[in-house]
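Content type PDB, C-alpha atoms, from the file input.pdb:
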```pdb
ATOM      1  CA  MET A   1       0.000   0.000   0.000
ATOM      2  CA  GLN A   2       1.647   3.182  -1.247
ATOM      3  CA  PRO A   3       1.476   6.683   0.326
ATOM      4  CA  GLU A   4      -0.464   7.918  -2.706
ATOM      5  CA  PHE A   5      -3.392   5.720  -1.647
ATOM      6  CA  TRP A   6      -3.838   7.634   1.613
ATOM      7  CA  HIS A   7      -3.146  11.026   0.060
ATOM      8  CA  LYS A   8      -5.986  10.402  -2.401
ATOM      9  CA  LYS A   9      -8.311   9.301   0.403
ATOM     10  CA  TRP A  10      -7.741  12.553   2.292
ATOM     11  CA  GLU A  11      -7.846  14.785  -0.779
ATOM     12  CA  SER A  12     -11.171  13.268  -1.873
ATOM     13  CA  ASN A  13     -12.487  13.276   1.716
ATOM     14  CA  GLN A  14     -12.989   9.492   1.663
ATOM     15  CA  ILE A  15     -12.298   9.243   5.370
ATOM     16  CA  GLY A  16     -14.946   6.905   6.718
ATOM     17  CA  PHE A  17     -12.324   5.735   9.213
ATOM     18  CA  HIS A  18     -12.446   9.143  10.928
ATOM     19  CA  LEU A  19     -14.730   9.237  13.961
ATOM     20  CA  PRO A  20     -16.573  12.545  14.540
ATOM     21  CA  GLU A  21     -16.349  11.924  18.295
ATOM     22  CA  VAL A  22     -13.854  10.689  20.869
ATOM     23  CA  ASN A  23     -13.562   6.916  20.734
ATOM     24  CA  PRO A  24     -15.732   5.442  23.518
ATOM     25  CA  TYR A  25     -13.276   2.595  24.121
ATOM     26  CA  LEU A  26     -10.540   5.131  24.783
ATOM     27  CA  GLN A  27     -12.702   6.915  27.335
ATOM     28  CA  ARG A  28     -13.703   3.634  28.969
ATOM     29  CA  HIS A  29     -10.388   1.794  29.116
ATOM     30  CA  TRP A  30      -7.541   4.309  29.112
ATOM     31  CA  ALA A  31      -5.563   3.806  32.315
ATOM     32  CA  VAL A  32      -2.153   5.371  31.702
ATOM     33  CA  PRO A  33      -0.671   7.985  34.064
ATOM     34  CA  ALA A  34      -0.886  11.528  32.720
ATOM     35  CA  THR A  35       2.886  11.847  33.008
ATOM     36  CA  ALA A  36       3.341   9.464  30.056
ATOM     37  CA  ARG A  37       3.902  10.872  26.575
ATOM     38  CA  VAL A  38       1.631   9.042  24.121
ATOM     39  CA  LEU A  39       2.602   7.874  20.639
ATOM     40  CA  VAL A  40      -0.383   7.800  18.244
ATOM     41  CA  PRO A  41       0.638   6.218  14.917
ATOM     42  CA  LEU A  42      -1.316   7.060  11.737
ATOM     43  CA  CYS A  43      -3.344   9.505  13.805
ATOM     44  CA  GLY A  44      -5.253  11.341  11.074
ATOM     45  CA  LYS A  45      -7.207  14.243  12.558
ATOM     46  CA  SER A  46      -8.626  12.158  15.382
ATOM     47  CA  LEU A  47     -10.417  13.925  18.234
ATOM     48  CA  ASP A  48      -8.732  11.353  20.465
ATOM     49  CA  LEU A  49      -5.559  13.460  20.254
ATOM     50  CA  ALA A  50      -7.253  16.397  21.973
ATOM     51  CA  TRP A  51      -8.882  14.085  24.521
ATOM     52  CA  LEU A  52      -5.504  12.616  25.497
ATOM     53  CA  ALA A  53      -4.021  16.090  25.762
ATOM     54  CA  GLY A  54      -6.969  17.114  27.914
ATOM     55  CA  ARG A  55      -6.111  14.284  30.287
ATOM     56  CA  GLY A  56      -2.683  15.846  30.811
ATOM     57  CA  HIS A  57      -0.639  13.834  28.317
ATOM     58  CA  GLN A  58       2.011  15.080  25.956
ATOM     59  CA  VAL A  59       0.871  13.647  22.609
ATOM     60  CA  LEU A  60       3.012  12.674  19.614
ATOM     61  CA  GLY A  61       0.890  11.862  16.574
ATOM     62  CA  VAL A  62       2.414  10.637  13.325
ATOM     63  CA  GLU A  63       0.512  11.141  10.086
ATOM     64  CA  LEU A  64       1.394  10.866   6.404
ATOM     65  CA  SER A  65      -1.254  13.304   5.168
ATOM     66  CA  GLN A  66      -0.533  17.018   5.341
ATOM     67  CA  LYS A  67      -4.249  17.683   4.841
ATOM     68  CA  ALA A  68      -5.174  15.605   7.887
ATOM     69  CA  ILE A  69      -2.817  17.631  10.065
ATOM     70  CA  ASP A  70      -4.002  20.956   8.651
ATOM     71  CA  ASP A  71      -7.604  19.889   9.225
ATOM     72  CA  PHE A  72      -6.907  18.861  12.815
ATOM     73  CA  PHE A  73      -5.480  22.212  13.868
ATOM     74  CA  SER A  74      -8.070  24.139  11.872
ATOM     75  CA  GLU A  75     -10.917  22.259  13.545
ATOM     76  CA  GLN A  76      -9.304  22.733  16.953
ATOM     77  CA  GLN A  77      -8.998  26.456  16.128
ATOM     78  CA  VAL A  78      -5.317  26.423  16.989
ATOM     79  CA  THR A  79      -2.371  27.747  14.996
ATOM     80  CA  PRO A  80       0.629  25.430  15.452
ATOM     81  CA  GLN A  81       4.311  26.280  15.352
ATOM     82  CA  VAL A  82       6.005  24.504  12.449
ATOM     83  CA  SER A  83       9.534  23.145  12.337
ATOM     84  CA  GLU A  84      11.483  20.289  10.802
ATOM     85  CA  LYS A  85      13.053  17.284  12.468
ATOM     86  CA  GLY A  86      14.893  14.825  10.267
ATOM     87  CA  LEU A  87      12.482  13.599   7.595
ATOM     88  CA  PHE A  88       9.446  15.013   9.394
ATOM     89  CA  LYS A  89       7.632  18.327   9.381
ATOM     90  CA  VAL A  90       6.602  18.959  12.975
ATOM     91  CA  TYR A  91       3.475  20.873  13.987
ATOM     92  CA  ARG A  92       3.305  21.805  17.659
ATOM     93  CA  ALA A  93       0.569  23.455  19.712
ATOM     94  CA  ASP A  94       0.583  23.232  23.499
ATOM     95  CA  SER A  95       0.904  19.562  24.437
ATOM     96  CA  ILE A  96       0.205  18.128  20.956
ATOM     97  CA  GLU A  97       2.853  17.473  18.324
ATOM     98  CA  LEU A  98       1.850  16.076  14.955
ATOM     99  CA  TRP A  99       4.703  14.820  12.800
ATOM    100  CA  CYS A 100       3.975  14.755   9.082
ATOM    101  CA  GLY A 101       5.856  11.950   7.380
ATOM    102  CA  ASP A 102       6.401   8.221   7.093
ATOM    103  CA  PHE A 103       5.849   6.330  10.346
ATOM    104  CA  PHE A 104       8.611   3.909   9.391
ATOM    105  CA  ALA A 105      11.109   6.777   9.438
ATOM    106  CA  LEU A 106      10.619   7.198  13.206
ATOM    107  CA  THR A 107      13.658   6.298  15.267
ATOM    108  CA  ALA A 108      14.061   5.149  18.851
ATOM    109  CA  ASP A 109      15.485   8.577  19.703
ATOM    110  CA  ASP A 110      12.323  10.241  18.374
ATOM    111  CA  VAL A 111      10.088   8.303  20.774
ATOM    112  CA  ALA A 112      12.496   7.692  23.645
ATOM    113  CA  ASP A 113      10.209   9.567  26.049
ATOM    114  CA  CYS A 114       6.993   7.897  24.852
ATOM    115  CA  ALA A 115       5.876   5.548  27.605
ATOM    116  CA  ALA A 116       2.405   5.051  26.125
ATOM    117  CA  LEU A 117       0.856   3.890  22.843
ATOM    118  CA  TYR A 118      -2.612   4.423  21.400
ATOM    119  CA  ASP A 119      -3.488   2.585  18.176
ATOM    120  CA  ARG A 120      -7.081   2.889  17.049
ATOM    121  CA  ALA A 121      -6.660   2.862  13.288
ATOM    122  CA  ALA A 122      -3.040   2.090  12.449
ATOM    123  CA  LEU A 123      -2.706  -1.700  12.557
ATOM    124  CA  ILE A 124      -6.043  -2.241  10.805
ATOM    125  CA  ALA A 125      -5.119   0.297   8.098
ATOM    126  CA  LEU A 126      -2.294  -1.905   6.843
ATOM    127  CA  PRO A 127      -2.266  -5.053   4.690
ATOM    128  CA  SER A 128      -0.685  -8.198   6.093
ATOM    129  CA  ALA A 129       2.956  -7.666   5.106
ATOM    130  CA  MET A 130       2.908  -4.073   6.327
ATOM    131  CA  ARG A 131       1.325  -5.137   9.634
ATOM    132  CA  GLU A 132       4.321  -7.397  10.195
ATOM    133  CA  ARG A 133       6.665  -4.497   9.482
ATOM    134  CA  TYR A 134       4.629  -2.073  11.588
ATOM    135  CA  ALA A 135       4.562  -4.325  14.654
ATOM    136  CA  ALA A 136       8.279  -5.053  14.399
ATOM    137  CA  HIS A 137       9.088  -1.347  14.052
ATOM    138  CA  LEU A 138       6.927  -0.384  17.032
ATOM    139  CA  GLN A 139       8.648  -2.911  19.245
ATOM    140  CA  GLN A 140      12.057  -1.848  17.980
ATOM    141  CA  ILE A 141      11.670   1.876  18.682
ATOM    142  CA  LEU A 142       9.418   2.104  21.755
ATOM    143  CA  PRO A 143      10.790   1.840  25.307
ATOM    144  CA  PRO A 144      10.201  -1.571  26.941
ATOM    145  CA  ILE A 145       7.982  -0.010  29.641
ATOM    146  CA  VAL A 146       5.318   1.083  27.155
ATOM    147  CA  ARG A 147       1.616   0.850  28.079
ATOM    148  CA  GLY A 148      -1.506   1.606  26.126
ATOM    149  CA  LEU A 149      -4.467   0.493  24.014
ATOM    150  CA  LEU A 150      -4.908  -1.234  20.665
ATOM    151  CA  ILE A 151      -8.277  -1.392  18.872
ATOM    152  CA  THR A 152      -8.871  -3.864  16.034
ATOM    153  CA  LEU A 153     -11.576  -5.169  13.714
ATOM    154  CA  ASP A 154     -12.040  -8.807  12.727
ATOM    155  CA  TYR A 155     -14.204 -10.188   9.923
ATOM    156  CA  ASP A 156     -13.991 -12.584   6.978
ATOM    157  CA  GLN A 157     -11.482 -10.830   4.724
ATOM    158  CA  THR A 158     -12.741 -12.775   1.711
ATOM    159  CA  GLN A 159     -16.094 -10.967   2.003
ATOM    160  CA  MET A 160     -14.638  -7.460   1.670
ATOM    161  CA  PRO A 161     -11.233  -6.025   0.814
ATOM    162  CA  GLY A 162      -9.598  -3.642   3.259
ATOM    163  CA  PRO A 163      -8.890  -1.132   4.521
ATOM    164  CA  PRO A 164      -9.840  -1.418   7.270
ATOM    165  CA  PHE A 165      -8.279  -4.877   7.316
ATOM    166  CA  ALA A 166      -9.314  -7.835   9.429
ATOM    167  CA  VAL A 167      -6.880  -8.614  12.246
ATOM    168  CA  SER A 168      -7.644 -11.720  14.277
ATOM    169  CA  ASP A 169      -6.883 -12.224  17.946
ATOM    170  CA  ASP A 170      -4.322 -14.864  16.977
ATOM    171  CA  GLU A 171      -2.536 -12.352  14.756
ATOM    172  CA  VAL A 172      -2.505  -9.688  17.464
ATOM    173  CA  GLN A 173      -0.945 -12.142  19.904
ATOM    174  CA  ARG A 174       1.584 -13.319  17.325
ATOM    175  CA  LEU A 175       2.611  -9.821  16.259
ATOM    176  CA  LEU A 176       2.803  -8.182  19.673
ATOM    177  CA  GLY A 177       2.639 -10.881  22.327
ATOM    178  CA  GLY A 178       6.292 -11.861  22.058
ATOM    179  CA  ALA A 179       7.653  -8.575  23.356
ATOM    180  CA  TRP A 180       4.635  -7.225  25.253
ATOM    181  CA  GLN A 181       1.780  -8.438  27.389
ATOM    182  CA  VAL A 182      -1.396  -8.149  25.334
ATOM    183  CA  ARG A 183      -4.738  -8.657  27.103
ATOM    184  CA  MET A 184      -8.176  -8.347  25.514
ATOM    185  CA  LEU A 185     -10.371  -5.969  27.511
ATOM    186  CA  ASP A 186     -13.476  -5.766  25.363
ATOM    187  CA  GLU A 187     -15.095  -7.449  22.359
ATOM    188  CA  GLN A 188     -18.228  -6.165  20.652
ATOM    189  CA  ASP A 189     -20.312  -7.310  17.688
ATOM    190  CA  VAL A 190     -20.575  -4.077  15.680
ATOM    191  CA  LEU A 191     -21.918  -5.398  12.373
ATOM    192  CA  GLY A 192     -25.329  -3.829  12.920
ATOM    193  CA  GLU A 193     -23.720  -0.394  13.273
ATOM    194  CA  SER A 194     -21.535  -0.720  10.167
ATOM    195  CA  TRP A 195     -23.442  -0.016   6.957
ATOM    196  CA  LYS A 196     -20.350  -0.286   4.759
ATOM    197  CA  PHE A 197     -19.751  -3.857   5.923
ATOM    198  CA  LEU A 198     -23.397  -4.876   5.720
ATOM    199  CA  GLN A 199     -23.642  -3.493   2.204
ATOM    200  CA  ALA A 200     -20.576  -5.511   1.189
ATOM    201  CA  GLY A 201     -22.157  -8.721   2.479
ATOM    202  CA  VAL A 202     -19.956  -9.152   5.531
ATOM    203  CA  THR A 203     -21.608 -11.605   7.930
ATOM    204  CA  ARG A 204     -19.669 -10.892  11.121
ATOM    205  CA  LEU A 205     -17.698  -7.957  12.479
ATOM    206  CA  GLU A 206     -16.027  -7.907  15.867
ATOM    207  CA  GLU A 207     -14.321  -4.903  17.383
ATOM    208  CA  ARG A 208     -11.726  -5.724  20.038
ATOM    209  CA  VAL A 209      -9.829  -3.631  22.549
ATOM    210  CA  TYR A 210      -6.494  -4.748  23.970
ATOM    211  CA  ARG A 211      -4.349  -3.446  26.794
ATOM    212  CA  VAL A 212      -0.689  -3.491  25.821
ATOM    213  CA  SER A 213       2.078  -3.337  28.406
ATOM    214  CA  GLY A 214       5.806  -3.914  28.481
ATOM    215  CA  GLN A 215       7.034  -7.163  29.925
TER
END
```
I'd like the structure from this file rewritten - as structure tokens, please.
Amino acid sequence: MQPEFWHKKWESNQIGFHLPEVNPYLQRHWAVPATARVLVPLCGKSLDLAWLAGRGHQVLGVELSQKAIDDFFSEQQVTPQVSEKGLFKVYRADSIELWCGDFFALTADDVADCAALYDRAALIALPSAMRERYAAHLQQILPPIVRGLLITLDYDQTQMPGPPFAVSDDEVQRLLGGAWQVRMLDEQDVLGESWKFLQAGVTRLEERVYRVSGQ
């Protein structure tokens, strides 16, 4: 999956993955001390960023789309300071930093002070081979003490192409369970709320929430 795919999605406003509200699972299950800086990969313009900042966190979001970042600050009615760091263009306002660039260009030094992770739409945005690479990169760059939440979707991938892609519980455990403790906190049947999936003929759709913590 090439960067152009996501640029076109944002430019054409095909952003069904964007929630117009704070994720209810985040509000229900987030249990990370406010002193922890939070890494939010593939963050888009999520309202979850502002919610985390409102809880006292320093937030580091990483996003490929310039438009998504511009939209976020415009909708928050905030004018960020802009600078450059390595391969990234960095937008900073108060306790939120959004880095525009390729997530895979992040280094361990960039996230050395990130003790928390929030992934609502990153893992499920990626096809299988990229999920392998994503999980390996996360575990390579994040400190071993990391804590946070992962939210996934699971359905019969043969019934509809992604994104969002189906990620089974077995895959989550295989990708992340070697380095971290991964515990399922919640599982909901959300097919009835998901017109796109119903229209495609999908017959089951489970949303799962996991707590991730360093060993």
For segment 63-76 of chain A: contacts at 7 Å, all atoms listed in the file, fewer than 4 positions along chain excluded, given as an MDAnalysis selection string: chainID A and resid 7 10 41:45 98:102
Can you pull out every residue within 10 Å of segment 172-181 of chain A, counting all atoms listed in the file, but drop anything in the same chain fewer than 2 positions away, and send it as a PDB file with C-alpha atoms, in the coordinates of the input?
```pdb
ATOM      1  CA  LEU A 123      -2.706  -1.700  12.557  1.00  0.00           C
ATOM      2  CA  ARG A 131       1.325  -5.137   9.634  1.00  0.00           C
ATOM      3  CA  GLU A 132       4.321  -7.397  10.195  1.00  0.00           C
ATOM      4  CA  ARG A 133       6.665  -4.497   9.482  1.00  0.00           C
ATOM      5  CA  TYR A 134       4.629  -2.073  11.588  1.00  0.00           C
ATOM      6  CA  ALA A 135       4.562  -4.325  14.654  1.00  0.00           C
ATOM      7  CA  ALA A 136       8.279  -5.053  14.399  1.00  0.00           C
ATOM      8  CA  LEU A 138       6.927  -0.384  17.032  1.00  0.00           C
ATOM      9  CA  GLN A 139       8.648  -2.911  19.245  1.00  0.00           C
ATOM     10  CA  GLN A 140      12.057  -1.848  17.980  1.00  0.00           C
ATOM     11  CA  PRO A 144      10.201  -1.571  26.941  1.00  0.00           C
ATOM     12  CA  ILE A 145       7.982  -0.010  29.641  1.00  0.00           C
ATOM     13  CA  VAL A 146       5.318   1.083  27.155  1.00  0.00           C
ATOM     14  CA  ARG A 147       1.616   0.850  28.079  1.00  0.00           C
ATOM     15  CA  LEU A 150      -4.908  -1.234  20.665  1.00  0.00           C
ATOM     16  CA  THR A 152      -8.871  -3.864  16.034  1.00  0.00           C
ATOM     17  CA  VAL A 167      -6.880  -8.614  12.246  1.00  0.00           C
ATOM     18  CA  SER A 168      -7.644 -11.720  14.277  1.00  0.00           C
ATOM     19  CA  ASP A 169      -6.883 -12.224  17.946  1.00  0.00           C
ATOM     20  CA  ASP A 170      -4.322 -14.864  16.977  1.00  0.00           C
ATOM     21  CA  ARG A 183      -4.738  -8.657  27.103  1.00  0.00           C
ATOM     22  CA  MET A 184      -8.176  -8.347  25.514  1.00  0.00           C
ATOM     23  CA  TYR A 210      -6.494  -4.748  23.970  1.00  0.00           C
ATOM     24  CA  ARG A 211      -4.349  -3.446  26.794  1.00  0.00           C
ATOM     25  CA  VAL A 212      -0.689  -3.491  25.821  1.00  0.00           C
ATOM     26  CA  SER A 213       2.078  -3.337  28.406  1.00  0.00           C
ATOM     27  CA  GLY A 214       5.806  -3.914  28.481  1.00  0.00           C
ATOM     28  CA  GLN A 215       7.034  -7.163  29.925  1.00  0.00           C
TER      29      GLN A 215
END
```
Radius query 10 Å about (1.2, 12.4, 28.3), atoms used: only C-alpha atoms, as a compact mmCIF listing (two decimals) with C-alpha atoms, in the coordinates of the input:
```txt
# COMPACT_ATOMS: atom_id res chain seq x y z
CA VAL A 32 -2.15 5.37 31.70
CA PRO A 33 -0.67 7.98 34.06
CA ALA A 34 -0.89 11.53 32.72
CA THR A 35 2.89 11.85 33.01
CA ALA A 36 3.34 9.46 30.06
CA ARG A 37 3.90 10.87 26.58
CA VAL A 38 1.63 9.04 24.12
CA LEU A 39 2.60 7.87 20.64
CA LEU A 52 -5.50 12.62 25.50
CA ALA A 53 -4.02 16.09 25.76
CA GLY A 54 -6.97 17.11 27.91
CA ARG A 55 -6.11 14.28 30.29
CA GLY A 56 -2.68 15.85 30.81
CA HIS A 57 -0.64 13.83 28.32
CA GLN A 58 2.01 15.08 25.96
CA VAL A 59 0.87 13.65 22.61
CA LEU A 60 3.01 12.67 19.61
CA SER A 95 0.90 19.56 24.44
CA ILE A 96 0.20 18.13 20.96
CA ASP A 113 10.21 9.57 26.05
CA CYS A 114 6.99 7.90 24.85
CA ALA A 115 5.88 5.55 27.60
CA ALA A 116 2.40 5.05 26.12
```
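Remark: for Arg28 of chain A, the closest of the candidate residues A:Trp195, A:Glu207, A:Asp186, A:Tyr155 is A:Asp186 (distances computed over only C-alpha atoms).
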Distance in Å - atom CA of Gln188 of chain A versus atom CA of Leu205 of chain A: 8.4 Å
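When only C-alpha atoms are used to measure the gap to Pro24 of chain A, the shortest distance among A:Lys196, A:Arg92, A:Lys85, A:Arg120 belongs to A:Arg120.
In this model, the gap between atom CA of Met160 of chain A and atom CA of Thr203 of chain A comes to 10.2 Å.
Each of A:Asp156, A:Glu171, A:Glu21, A:Asp109 was checked against Glu206 of chain A using only C-alpha atoms; the smallest atom-to-atom distance is that of A:Asp156.
Neighbours of Tyr25 of chain A closer than or equal to 9 Å, with only C-alpha atoms counted and sequence neighbours fewer than 3 positions away skipped, come out as Val22, Arg28, His29, Trp30, Ile151, Asp186 and Val209 of chain A.
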So that I have them on file, write out the residues from the current selection with C-alpha atoms, as a PDB file, in the frame of the given file.
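Result written to selection_12.pdb:
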```pdb
ATOM      1  CA  VAL A  22     -13.854  10.689  20.869  1.00  0.00           C
ATOM      2  CA  ARG A  28     -13.703   3.634  28.969  1.00  0.00           C
ATOM      3  CA  HIS A  29     -10.388   1.794  29.116  1.00  0.00           C
ATOM      4  CA  TRP A  30      -7.541   4.309  29.112  1.00  0.00           C
ATOM      5  CA  ILE A 151      -8.277  -1.392  18.872  1.00  0.00           C
ATOM      6  CA  ASP A 186     -13.476  -5.766  25.363  1.00  0.00           C
ATOM      7  CA  VAL A 209      -9.829  -3.631  22.549  1.00  0.00           C
TER       8      VAL A 209
END
```
Distance in Å - atom CA of Val190 of chain A versus atom CA of Pro20 of chain A: 17.1 Å
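Proximity to Leu49 of chain A was assessed for A:Asp94, A:Glu84, A:Asp189, A:Asp154 counting only C-alpha atoms; the smallest distance is recorded for A:Asp94.
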